[in-house]
Each structure stands twice: as structure tokens, then as C-alpha cells.
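Listing of start-v5.csv; format and content: CSV, C-alpha atoms.
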```csv
chain,number,residue,atom,x,y,z
Z,284,MET,CA,0.0,0.0,0.0
Z,285,ASN,CA,1.2,3.5,-0.8
Z,286,ASP,CA,0.9,6.5,1.6
Z,287,ASP,CA,-2.5,7.6,0.3
Z,288,GLN,CA,-3.9,4.1,0.7
Z,289,LEU,CA,-2.5,3.8,4.2
Z,290,LEU,CA,-4.3,7.1,5.1
Z,291,ARG,CA,-7.5,6.3,3.1
Z,292,TYR,CA,-7.9,2.9,4.9
Z,293,SER,CA,-6.3,3.9,8.2
Z,294,ARG,CA,-9.5,3.6,10.2
Z,295,GLN,CA,-10.0,0.1,9.1
Z,296,ILE,CA,-6.3,-0.9,9.3
Z,297,MET,CA,-6.4,0.0,13.0
Z,298,LEU,CA,-9.0,-2.6,13.7
Z,299,PRO,CA,-7.3,-5.6,15.4
Z,300,ALA,CA,-9.6,-8.0,13.5
Z,301,LEU,CA,-8.5,-6.6,10.1
Z,302,GLU,CA,-5.1,-4.9,10.3
Z,303,TYR,CA,-2.8,-4.2,7.4
Z,304,GLU,CA,-3.1,-7.8,6.1
Z,305,GLY,CA,-6.9,-7.7,6.0
Z,306,GLN,CA,-6.9,-4.4,4.1
Z,307,GLN,CA,-4.4,-5.9,1.6
Z,308,GLN,CA,-6.7,-8.9,1.2
Z,309,LEU,CA,-9.6,-6.5,0.4
Z,310,LEU,CA,-7.5,-4.6,-2.1
Z,311,ASN,CA,-6.6,-8.0,-3.8
Z,312,SER,CA,-10.2,-9.1,-3.9
Z,313,ARG,CA,-12.7,-9.3,-6.6
Z,314,VAL,CA,-16.5,-9.1,-5.9
Z,315,LEU,CA,-19.4,-9.6,-8.3
Z,316,ILE,CA,-22.5,-7.6,-7.4
Z,317,ILE,CA,-25.8,-8.6,-9.1
Z,318,GLY,CA,-28.2,-5.7,-9.1
Z,319,MET,CA,-27.5,-1.9,-8.8
Z,320,GLY,CA,-30.8,-1.1,-7.1
Z,321,GLY,CA,-31.8,-0.5,-3.5
Z,322,LEU,CA,-29.5,-3.2,-2.1
Z,323,GLY,CA,-26.7,-2.9,-4.7
Z,324,ALA,CA,-26.4,0.8,-3.9
Z,325,PRO,CA,-25.2,0.6,-0.3
Z,326,VAL,CA,-23.4,-2.7,-0.9
Z,327,SER,CA,-21.2,-1.2,-3.7
Z,328,MET,CA,-20.7,2.1,-2.0
Z,329,TYR,CA,-19.5,0.6,1.2
Z,330,LEU,CA,-17.3,-2.0,-0.6
Z,331,ALA,CA,-15.8,0.7,-2.8
Z,332,ALA,CA,-15.1,3.0,0.2
Z,333,ALA,CA,-13.7,0.0,2.2
Z,334,GLY,CA,-11.2,-0.7,-0.6
Z,335,VAL,CA,-12.4,-3.9,-2.3
Z,336,GLY,CA,-9.9,-3.8,-5.2
Z,337,HIS,CA,-12.0,-5.0,-8.0
Z,338,MET,CA,-15.8,-4.9,-8.3
Z,339,VAL,CA,-17.9,-6.1,-11.2
Z,340,ILE,CA,-21.3,-4.5,-11.1
Z,341,VAL,CA,-24.2,-5.9,-13.1
Z,342,ASP,CA,-27.6,-4.4,-14.0
Z,343,PHE,CA,-29.6,-4.2,-17.2
Z,344,ASP,CA,-31.9,-1.4,-16.1
Z,345,VAL,CA,-31.8,2.4,-16.5
Z,346,VAL,CA,-32.2,5.0,-13.7
Z,347,ASP,CA,-35.8,6.0,-13.2
Z,348,LEU,CA,-37.2,8.9,-11.1
Z,349,SER,CA,-39.1,6.3,-8.9
Z,350,ASN,CA,-35.7,4.6,-8.0
Z,351,LEU,CA,-34.2,7.6,-6.3
Z,352,GLN,CA,-36.2,7.4,-3.1
Z,353,ARG,CA,-34.0,4.4,-2.0
Z,354,GLN,CA,-31.3,3.7,-4.6
Z,355,ILE,CA,-29.0,6.2,-3.1
Z,356,ILE,CA,-26.1,5.6,-5.5
Z,357,HIS,CA,-28.1,7.2,-8.4
Z,358,THR,CA,-28.9,10.9,-8.7
Z,359,THR,CA,-31.4,13.2,-10.3
Z,360,GLN,CA,-28.7,14.0,-12.9
Z,361,THR,CA,-28.3,10.3,-13.9
Z,362,ILE,CA,-32.0,9.6,-14.7
Z,363,GLY,CA,-32.2,7.8,-18.0
Z,364,GLN,CA,-28.6,6.5,-17.8
Z,365,PRO,CA,-27.8,2.8,-17.4
Z,366,LYS,CA,-27.7,2.0,-13.7
Z,367,THR,CA,-24.2,0.5,-14.1
Z,368,ASP,CA,-22.9,3.8,-15.7
Z,369,SER,CA,-24.5,5.9,-13.0
Z,370,ALA,CA,-23.1,3.6,-10.3
Z,371,TRP,CA,-19.7,3.6,-11.9
Z,372,THR,CA,-19.5,7.4,-11.8
Z,373,ALA,CA,-20.5,7.5,-8.1
Z,374,LEU,CA,-18.2,4.7,-7.1
Z,375,ASN,CA,-15.3,6.1,-9.0
Z,376,ALA,CA,-15.9,9.5,-7.2
Z,377,ILE,CA,-15.9,7.7,-3.8
Z,378,ASN,CA,-12.7,5.7,-4.5
Z,379,PRO,CA,-10.7,6.1,-7.7
Z,380,ASP,CA,-8.1,3.8,-6.3
Z,381,ILE,CA,-10.1,0.6,-7.2
Z,382,ARG,CA,-11.2,-1.0,-10.4
Z,383,ILE,CA,-14.9,-1.2,-11.2
Z,384,ASP,CA,-16.2,-3.0,-14.3
Z,385,PRO,CA,-19.8,-2.3,-15.3
Z,386,ILE,CA,-21.8,-4.9,-17.1
Z,387,ASN,CA,-25.0,-3.4,-18.5
Z,388,GLN,CA,-26.9,-6.5,-19.3
Z,389,MET,CA,-28.5,-9.5,-17.7
Z,390,LEU,CA,-25.9,-12.1,-17.0
Z,391,GLU,CA,-26.9,-15.7,-17.9
Z,392,GLY,CA,-25.5,-19.0,-18.8
Z,393,ASP,CA,-21.8,-19.2,-19.6
Z,394,GLU,CA,-21.3,-15.4,-19.1
Z,395,LEU,CA,-22.7,-15.7,-15.5
Z,396,LEU,CA,-20.5,-18.8,-14.9
Z,397,GLU,CA,-17.4,-17.0,-16.1
Z,398,GLN,CA,-18.0,-14.0,-13.8
Z,399,VAL,CA,-18.8,-16.1,-10.8
Z,400,LYS,CA,-15.7,-18.2,-11.3
Z,401,GLN,CA,-13.5,-15.1,-11.2
Z,402,ALA,CA,-15.2,-13.7,-8.1
Z,403,ASP,CA,-14.0,-14.2,-4.5
Z,404,VAL,CA,-17.5,-13.4,-3.3
Z,405,VAL,CA,-20.8,-12.9,-5.1
Z,406,VAL,CA,-23.4,-10.4,-3.6
Z,407,ASP,CA,-27.0,-11.1,-4.6
Z,408,ALA,CA,-28.7,-7.7,-4.6
Z,409,SER,CA,-31.2,-8.7,-7.2
Z,410,ASP,CA,-35.0,-8.4,-6.9
Z,411,ASN,CA,-36.5,-11.7,-8.1
Z,412,PHE,CA,-36.5,-15.4,-7.5
Z,413,SER,CA,-35.3,-16.5,-10.9
Z,414,THR,CA,-32.1,-14.5,-10.7
Z,415,ARG,CA,-31.6,-15.6,-7.1
Z,416,PHE,CA,-32.1,-19.3,-8.0
Z,417,ALA,CA,-29.8,-19.1,-11.0
Z,418,LEU,CA,-27.1,-17.3,-9.0
Z,419,ASN,CA,-27.3,-19.8,-6.2
Z,420,LYS,CA,-26.9,-22.7,-8.6
Z,421,VAL,CA,-23.7,-21.3,-10.2
Z,422,CYS,CA,-22.3,-20.3,-6.8
Z,423,ARG,CA,-22.9,-23.8,-5.5
Z,424,ALA,CA,-21.4,-25.4,-8.6
Z,425,THR,CA,-18.2,-23.2,-8.3
Z,426,ALA,CA,-18.1,-23.3,-4.5
Z,427,THR,CA,-18.2,-19.4,-4.5
Z,428,PRO,CA,-19.5,-17.7,-1.3
Z,429,LEU,CA,-22.8,-15.9,-1.9
Z,430,VAL,CA,-24.0,-13.0,0.3
Z,431,SER,CA,-27.7,-12.9,-0.1
Z,432,GLY,CA,-30.1,-10.1,0.9
Z,433,ALA,CA,-33.7,-9.1,0.2
Z,434,ALA,CA,-35.9,-6.3,1.3
Z,435,ILE,CA,-39.5,-5.1,0.6
Z,436,ARG,CA,-42.1,-3.0,2.5
Z,437,MET,CA,-40.6,-2.8,6.0
Z,438,GLU,CA,-39.1,-6.2,6.1
Z,439,GLY,CA,-35.9,-7.9,5.0
Z,440,GLN,CA,-33.7,-10.9,5.2
Z,441,VAL,CA,-30.0,-11.7,4.9
Z,442,SER,CA,-27.8,-14.7,4.9
Z,443,VAL,CA,-24.5,-16.1,3.6
Z,444,PHE,CA,-24.1,-19.3,1.7
Z,445,SER,CA,-20.6,-20.7,1.7
Z,446,GLY,CA,-21.0,-22.9,-1.4
Z,447,GLN,CA,-19.4,-25.7,0.5
Z,448,PRO,CA,-20.8,-29.3,1.0
Z,449,GLY,CA,-22.5,-29.6,4.4
Z,450,ASP,CA,-23.7,-26.0,4.4
Z,451,PRO,CA,-27.2,-25.0,3.2
Z,452,CYS,CA,-27.7,-23.1,-0.1
Z,453,TYR,CA,-30.4,-20.5,-1.0
Z,454,ARG,CA,-32.6,-23.2,-2.5
Z,455,CYS,CA,-32.7,-25.0,0.9
Z,456,LEU,CA,-34.4,-21.9,2.2
Z,457,TYR,CA,-36.9,-21.7,-0.8
Z,458,PRO,CA,-37.7,-25.2,-1.8
Z,459,GLU,CA,-40.6,-24.4,-4.0
Z,460,GLU,CA,-40.0,-23.7,-7.7
Z,461,GLY,CA,-42.0,-21.2,-9.7
Z,462,GLN,CA,-42.7,-18.9,-6.9
Z,463,VAL,CA,-43.5,-15.3,-7.9
Z,464,GLY,CA,-42.0,-12.9,-5.5
Z,465,ASP,CA,-43.4,-9.5,-4.5
Z,466,SER,CA,-41.9,-6.5,-6.2
Z,467,CYS,CA,-41.1,-3.2,-4.7
Z,468,SER,CA,-43.0,-1.5,-7.5
Z,469,GLU,CA,-46.2,-3.2,-6.4
Z,470,ASN,CA,-45.6,-3.4,-2.6
Z,471,GLY,CA,-43.5,-0.4,-1.8
Z,472,VAL,CA,-40.4,-0.3,0.4
Z,473,LEU,CA,-39.2,2.1,3.0
Z,474,ALA,CA,-36.0,3.8,1.9
Z,475,PRO,CA,-33.6,2.9,4.7
Z,476,VAL,CA,-34.7,-0.7,4.9
Z,477,VAL,CA,-32.7,-1.6,1.8
Z,478,GLY,CA,-29.9,0.4,3.4
Z,479,ILE,CA,-30.0,-1.8,6.6
Z,480,ILE,CA,-30.0,-5.0,4.7
Z,481,GLY,CA,-27.4,-3.8,2.1
Z,482,SER,CA,-25.1,-2.6,4.9
Z,483,ILE,CA,-25.2,-6.0,6.5
Z,484,GLN,CA,-24.4,-7.6,3.1
Z,485,ALA,CA,-21.4,-5.4,2.7
Z,486,THR,CA,-20.2,-6.3,6.2
Z,487,GLU,CA,-20.6,-10.0,5.6
Z,488,ALA,CA,-18.8,-9.7,2.2
Z,489,ILE,CA,-15.8,-8.0,3.9
Z,490,LYS,CA,-15.8,-10.8,6.6
Z,491,VAL,CA,-15.9,-13.5,4.0
Z,492,LEU,CA,-13.1,-11.9,2.0
Z,493,THR,CA,-10.8,-11.4,5.0
Z,494,GLY,CA,-11.8,-14.4,7.1
Z,495,MET,CA,-12.4,-12.3,10.2
Z,496,GLY,CA,-15.0,-13.1,12.8
Z,497,SER,CA,-17.9,-15.5,12.0
Z,498,THR,CA,-20.4,-15.0,9.2
Z,499,LEU,CA,-24.1,-15.7,8.7
Z,500,VAL,CA,-23.4,-19.1,7.1
Z,501,GLY,CA,-26.1,-21.5,8.4
Z,502,LYS,CA,-28.2,-18.6,9.7
Z,503,LEU,CA,-31.0,-16.5,8.3
Z,504,MET,CA,-31.6,-13.0,9.8
Z,505,ILE,CA,-35.1,-11.6,9.3
Z,506,LEU,CA,-36.0,-8.0,10.0
Z,507,ASP,CA,-39.4,-6.5,10.9
Z,508,ALA,CA,-38.5,-2.8,10.7
Z,509,LEU,CA,-42.0,-1.7,11.6
Z,510,HIS,CA,-41.3,-2.9,15.1
Z,511,MET,CA,-37.5,-3.0,14.7
Z,512,GLN,CA,-37.3,-6.7,15.6
Z,513,TRP,CA,-34.7,-9.1,14.4
Z,514,ARG,CA,-34.8,-12.8,14.5
Z,515,THR,CA,-31.9,-15.0,13.7
Z,516,LEU,CA,-32.9,-18.5,12.6
Z,517,LYS,CA,-30.8,-21.5,12.1
Z,518,LEU,CA,-30.8,-22.8,8.5
Z,519,LYS,CA,-29.7,-26.4,7.8
Z,520,PRO,CA,-29.1,-28.1,4.5
Z,521,ASP,CA,-32.3,-29.6,3.2
Z,522,PRO,CA,-31.6,-33.3,2.2
Z,523,ARG,CA,-34.4,-32.9,-0.5
Z,524,CYS,CA,-32.8,-29.7,-1.9
Z,525,PRO,CA,-32.5,-30.2,-5.7
Z,526,VAL,CA,-29.4,-28.0,-5.9
Z,527,CYS,CA,-27.2,-29.2,-3.0
Z,528,ASN,CA,-28.6,-32.5,-1.7
Z,529,GLY,CA,-26.2,-34.6,-3.8
Z,530,GLU,CA,-23.2,-33.1,-2.1
Z,531,ASN,CA,-24.6,-33.8,1.4
Z,532,SER,CA,-25.7,-37.4,0.9
O,1314,MET,CA,-49.4,-25.8,24.4
O,1315,ILE,CA,-47.5,-24.4,21.5
O,1316,LYS,CA,-46.5,-20.8,20.9
O,1317,VAL,CA,-47.2,-19.3,17.4
O,1318,LEU,CA,-45.5,-16.1,16.3
O,1319,TYR,CA,-46.4,-13.9,13.4
O,1320,PHE,CA,-43.6,-11.8,11.9
O,1321,ALA,CA,-43.4,-8.7,9.7
O,1322,ARG,CA,-46.2,-8.4,7.2
O,1323,LEU,CA,-48.1,-11.3,8.7
O,1324,ARG,CA,-48.2,-9.6,12.1
O,1325,GLU,CA,-49.4,-6.4,10.5
O,1326,GLU,CA,-52.1,-8.0,8.4
O,1327,LEU,CA,-53.4,-10.4,11.0
O,1328,LYS,CA,-53.1,-7.9,13.8
O,1329,THR,CA,-51.6,-10.6,15.9
O,1330,GLU,CA,-48.1,-10.8,17.3
O,1331,SER,CA,-48.3,-14.2,19.0
O,1332,GLU,CA,-50.8,-16.7,20.5
O,1333,GLU,CA,-50.8,-20.0,22.4
O,1334,LEU,CA,-52.6,-23.0,21.0
O,1335,GLU,CA,-53.4,-26.4,22.5
O,1336,LEU,CA,-51.2,-29.2,21.1
O,1337,ASP,CA,-53.6,-31.8,19.6
O,1338,GLU,CA,-54.3,-33.4,16.2
O,1339,SER,CA,-55.1,-30.0,14.6
O,1340,THR,CA,-51.6,-28.8,15.6
O,1341,ALA,CA,-49.7,-32.1,15.0
O,1342,ASP,CA,-47.4,-30.6,12.4
O,1343,ILE,CA,-46.9,-27.4,10.6
O,1344,ILE,CA,-49.2,-28.3,7.7
O,1345,ALA,CA,-52.0,-29.1,10.1
O,1346,LEU,CA,-51.4,-25.9,12.0
O,1347,LYS,CA,-51.6,-23.9,8.8
O,1348,LEU,CA,-54.9,-25.7,8.0
O,1349,LYS,CA,-56.3,-24.8,11.4
O,1350,LEU,CA,-55.3,-21.2,11.0
O,1351,SER,CA,-56.8,-21.0,7.5
O,1352,ALA,CA,-60.1,-22.3,8.9
O,1353,ARG,CA,-60.5,-19.0,10.7
O,1354,GLY,CA,-61.5,-17.6,7.3
O,1355,ASP,CA,-60.9,-14.2,5.7
O,1356,LEU,CA,-57.4,-13.0,5.8
O,1357,TRP,CA,-56.3,-16.1,7.7
O,1358,ASN,CA,-57.5,-18.2,4.9
O,1359,GLU,CA,-55.9,-16.0,2.2
O,1360,ILE,CA,-52.6,-16.2,4.0
O,1361,PHE,CA,-52.5,-19.8,5.2
O,1362,GLY,CA,-54.9,-21.5,2.8
O,1363,GLY,CA,-54.2,-19.8,-0.5
O,1364,ASP,CA,-51.4,-19.8,-3.0
O,1365,GLU,CA,-49.3,-17.5,-0.9
O,1366,THR,CA,-46.1,-18.9,0.4
O,1367,VAL,CA,-45.6,-18.5,4.2
O,1368,MET,CA,-42.3,-19.6,5.7
O,1369,ALA,CA,-42.0,-21.2,9.1
O,1370,ALA,CA,-39.4,-21.6,11.7
O,1371,LEU,CA,-39.6,-24.2,14.5
O,1372,ASN,CA,-37.8,-23.2,17.7
O,1373,GLN,CA,-35.7,-20.6,15.8
O,1374,GLU,CA,-34.8,-23.0,13.0
O,1375,VAL,CA,-36.1,-22.7,9.4
O,1376,ALA,CA,-38.6,-25.6,9.1
O,1377,GLN,CA,-40.3,-27.5,6.3
O,1378,SER,CA,-44.1,-28.0,6.5
O,1379,ASP,CA,-44.1,-31.6,7.5
O,1380,GLU,CA,-42.2,-31.1,10.7
O,1381,LYS,CA,-44.0,-32.5,13.8
O,1382,LEU,CA,-44.8,-30.3,16.7
O,1383,LYS,CA,-44.4,-31.2,20.4
O,1384,GLU,CA,-45.4,-29.6,23.7
O,1385,GLY,CA,-43.7,-26.3,24.3
O,1386,ASP,CA,-42.6,-25.7,20.7
O,1387,GLU,CA,-42.5,-22.3,19.2
O,1388,VAL,CA,-43.6,-21.8,15.6
O,1389,ALA,CA,-42.8,-18.5,13.9
O,1390,PHE,CA,-44.4,-17.7,10.5
O,1391,PHE,CA,-42.7,-15.1,8.3
O,1392,PRO,CA,-43.2,-14.0,4.7
O,1393,PRO,CA,-40.7,-14.7,1.9
O,1394,VAL,CA,-38.7,-11.7,0.7
O,1395,THR,CA,-37.3,-11.3,-2.8
O,1396,GLY,CA,-37.2,-7.5,-3.4
O,1397,GLY,CA,-34.1,-5.5,-3.7
```

Turn the structure described in the file into C-alpha cells.
Amino acid sequence: MNDDQLLRYSRQIMLPALEYEGQQQLLNSRVLIIGMGGLGAPVSMYLAAAGVGHMVIVDFDVVDLSNLQRQIIHTTQTIGQPKTDSAWTALNAINPDIRIDPINQMLEGDELLEQVKQADVVVDASDNFSTRFALNKVCRATATPLVSGAAIRMEGQVSVFSGQPGDPCYRCLYPEEGQVGDSCSENGVLAPVVGIIGSIQATEAIKVLTGMGSTLVGKLMILDALHMQWRTLKLKPDPRCPVCNGENS
Amino acid sequence: MIKVLYFARLREELKTESEELELDESTADIIALKLKLSARGDLWNEIFGGDETVMAALNQEVAQSDEKLKEGDEVAFFPPVTGG
């Protein structure tokens, strides 16, 4: 690290759990973030500020006026721009010291596989079951850690899936296929609720990258922000899970 | 007795945070419990008897519907979340 980096990351380097070595690990890391909406905004902003050296940000959408209430990475000036361009500008302004690759399309099939393979951690900041299921499958197949978050209305949930045999995957949590999830456009969402969940995702991603502390692997945190209540539930691998059961039996 | 908790949107819609129910055949497992709750009609039926997915945790562990209940168990129902 050069002098600027030592100063920029000094408040993190002084943490006994992280230190110089942990910061260097972050700078050497590559994170794939799927979705640059309500969750992707805080996740990418915190990871950029914290010094994750290489981020690949993925979204196919453009910035809309109705996004701005909660997708705090985008601005009134960037309405109409691809979200990945708008986010790139903001992240580069926060930290020009890191590399950010925008992918302005939906990632599927081999392209998704290639990106997941190269990532040290994948962050699911998407807004629908089909993307979440597809991402889980590829992360499991490549044993890539997946930090999963979701938020709507005044509720949210967050977990980490290690990708390793013996640990649960996202599909163990949602065994039913063909579920149609609720969307924020139809159900609404309170602005800071995505910030709460996204901030936890960013924290967990940093922990997975540096190996510090213990993560939410095998646990599901659910939030009721209306009463500000959290519950932490244990999550075990489902022997009937169509994605990971083979590895557990 | 078993304790039943309703979390987030379910608590709001059902205007119920928690309740205690007798452990009997109608509460033998989570599927039976859902049927019992849906028989209350109206919103209860929409939430527990319809196409809507409701997730459950048994004693603070994510549970599948066929898990058996025993005296003193705590079942928490919570909604799936996919938005972001």
C-alpha cells in the first residue's frame, strides 16, 4: 500500500480483527454484485469505500425517477442512464483507487458462470426469485461464497451461503419452484430498509473476504423494521434440496 | 401448548403478534397448524390457505411444512422476501 492508501484505509487498518493484512486482502479481492438497485447501492458504495480492489457491477436497467427514493447511488442527474454507468460514476468518485467493471446486461449461462468463477465473493442484490435461483446454482457449482439479501415493504432478510458441502444453499431456504416474489413497485419499500440489509451484506462480504469473525453461514436473519425486531434463525441443508442434496448425501 | 408467532407483514395483516394454542391433532405438524389457521377464514384463509407462500421456523430454525410439533414448541411464521 502507498501512503495515500494507508491514510485512506487507516480507520480500518487500525481494527485488530482486520489490520494491514486484512486491508491488503480486500485490495486484492474481486467481488461480483448482481443488481444496482436498492441493495446494490449501499453494498457497492460501502465495498468501494472500504477498498475492495475490483468490483464487477451488473444491472440491465436504467435509472428512473421512482428509483431515487431508495437507490442512493443514483442521482437526479443520472436519470435515464444505465444504472451501471450511473453507479460507476458514483463509485469512482468515492474511490478512484479501485477497479470497477460495469456490465450493462442480464448475466446468464456461460457469461454468468465466467464472472462467478472469477469472483471471490458474489453479492445477490437482485429483486427476483429466478435470478436468485440461477445465481445460487452457479455459486454452489463453483463453491463461491454468496452473500444474499432481500428487502421489501418494511421487512428484510439476509444470509451467507458458503457454497461448500455440508452447508445450506439458497434453495434449501426456498424449496418451491416457480414462486413469484413480491416486487417493490407493487408493494413499496421504506428507503432505509434496503440500506439496513445492504449494509449487513457489505459487512458480511468483507468478513468472508478477510476471514475475520464469523459469518451468517447457516443462519438467516429476518427483520421486521416496523417494530425493529430481528430474529436469527438456524438454517440447515435440506436433504431434499435439488441444488445441493447430492453433495450432502 | 405451543406458541405461534407472526412476523413482519403477517403480524401487521393479521393484527396478531403471537398466541398460544393447544397441542392436539389439529396442531400435530406445521401443515396441520396452517390448515387450522386458514379455517379462521378471511385474511387467515388468504394467508395460510391460498397460493401465498408462508415460511415457518420451528424453535428458531427454518422448518419444512411436515415437521412434527411437540409440547412447548415455538412456531414462527414469516413472509418470503425477494425484493431489492

With a distance cut-off of 7 Å and all atoms listed in the file, select the neighbouring residues of Glu1333 of chain O, excluding the residue or stretch itself and same-chain residues fewer than 6 positions from it, and output the selection as a list in words.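 Once the adjacent positions are removed, what remains is Met1314, Ile1315, Lys1316 and Val1317 of chain O.
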
Contacts of Tyr292 of chain Z at 10 Å or less, counting all atoms listed in the file, minus same-chain residues fewer than 3 places along, as a PDB file with C-alpha atoms, in the frame of the given file?
```
ATOM      1  CA  MET Z 284       0.000   0.000   0.000  1.00  0.00           C
ATOM      2  CA  ASP Z 287      -2.500   7.600   0.300  1.00  0.00           C
ATOM      3  CA  GLN Z 288      -3.900   4.100   0.700  1.00  0.00           C
ATOM      4  CA  LEU Z 289      -2.500   3.800   4.200  1.00  0.00           C
ATOM      5  CA  GLN Z 295     -10.000   0.100   9.100  1.00  0.00           C
ATOM      6  CA  ILE Z 296      -6.300  -0.900   9.300  1.00  0.00           C
ATOM      7  CA  MET Z 297      -6.400   0.000  13.000  1.00  0.00           C
ATOM      8  CA  GLU Z 302      -5.100  -4.900  10.300  1.00  0.00           C
ATOM      9  CA  TYR Z 303      -2.800  -4.200   7.400  1.00  0.00           C
ATOM     10  CA  GLN Z 306      -6.900  -4.400   4.100  1.00  0.00           C
ATOM     11  CA  ALA Z 332     -15.100   3.000   0.200  1.00  0.00           C
ATOM     12  CA  ALA Z 333     -13.700   0.000   2.200  1.00  0.00           C
ATOM     13  CA  GLY Z 334     -11.200  -0.700  -0.600  1.00  0.00           C
TER      14      GLY Z 334
END
```

Return as a PyMOL selection string the residues belonging to chain O that are within 12 Å of chain Z, counting only C-alpha atoms. chain O and resi 1318-1325+1330+1364-1378+1388-1397

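The gap separating atom CA of Met495 of chain Z from atom CA of Ile483 of chain Z is 14.7 Å, in Å to one decimal.
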
Identify the residues around (-30.4, -28.2, -6.6) within a radius of 9 Å, measuring from only C-alpha atoms in the coordinates stated by the file, and give them as a PyMOL selection string. chain Z and resi 419-420+423+452+454-455+523-529

Near Gly392 of chain Z, within 12 Å and counting all atoms listed in the file, which residues show up once chain neighbours fewer than 2 positions away are dropped, as a PyMOL selection string? chain Z and resi 389-390+394-399+414+417-418+420-421

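Between atom CA of Ala426 of chain Z and atom CA of Pro385 of chain Z lies a distance of 23.7 Å.
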
Interatomic distance between atom CA of Ile383 of chain Z and atom CA of Asn311 of chain Z?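 Computing it gives 13.0 Å between the two atoms.
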
Pick out the residues sitting within 7 Å of segment 337-341 of chain Z, and hand them over as a PDB file with C-alpha atoms, in the coordinates of the input; count only C-alpha atoms, and ignore anything fewer than 4 positions along from it in its own chain.
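The result, stored in out-v1.pdb:
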```
ATOM      1  CA  SER Z 312     -10.200  -9.100  -3.900  1.00  0.00           C
ATOM      2  CA  ARG Z 313     -12.700  -9.300  -6.600  1.00  0.00           C
ATOM      3  CA  VAL Z 314     -16.500  -9.100  -5.900  1.00  0.00           C
ATOM      4  CA  LEU Z 315     -19.400  -9.600  -8.300  1.00  0.00           C
ATOM      5  CA  ILE Z 316     -22.500  -7.600  -7.400  1.00  0.00           C
ATOM      6  CA  ILE Z 317     -25.800  -8.600  -9.100  1.00  0.00           C
ATOM      7  CA  GLY Z 318     -28.200  -5.700  -9.100  1.00  0.00           C
ATOM      8  CA  MET Z 319     -27.500  -1.900  -8.800  1.00  0.00           C
ATOM      9  CA  THR Z 367     -24.200   0.500 -14.100  1.00  0.00           C
ATOM     10  CA  ILE Z 381     -10.100   0.600  -7.200  1.00  0.00           C
ATOM     11  CA  ARG Z 382     -11.200  -1.000 -10.400  1.00  0.00           C
ATOM     12  CA  ILE Z 383     -14.900  -1.200 -11.200  1.00  0.00           C
ATOM     13  CA  ASP Z 384     -16.200  -3.000 -14.300  1.00  0.00           C
ATOM     14  CA  PRO Z 385     -19.800  -2.300 -15.300  1.00  0.00           C
ATOM     15  CA  ILE Z 386     -21.800  -4.900 -17.100  1.00  0.00           C
ATOM     16  CA  ASN Z 387     -25.000  -3.400 -18.500  1.00  0.00           C
ATOM     17  CA  GLN Z 388     -26.900  -6.500 -19.300  1.00  0.00           C
TER      18      GLN Z 388
END
```

Which one of O:Glu1380, O:Ile1360, O:Leu1346, O:Asp1386 sits closest to Glu1326 of chain O if you count only C-alpha atoms?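 Looking at the shortest contact to Glu1326 of chain O, the residue is O:Ile1360.
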
For Gly1362 of chain O: contacts at 12 Å, all atoms listed in the file, fewer than 2 positions along chain excluded, given as a ChimeraX atom specification: /O:1344-1360,1364-1367

Let me have the centre and edge lengths in Å, one decimal, of the box along x, y and z around every listed atom of segment 1325-1328 of chain O with 4 Å of margin on each side, as AutoDock Vina command-line options.
```
--center_x -51.4 --center_y -8.4 --center_z 11.1 --size_x 12.0 --size_y 12.0 --size_z 13.4
```

Between O:Phe1361, O:Ile1343, O:Glu1332, O:Glu1338, which one has atoms that come closest to Lys1381 of chain O, using all atoms listed in the file?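 Checking each candidate against Lys1381 of chain O, we get O:Ile1343 as the closest.
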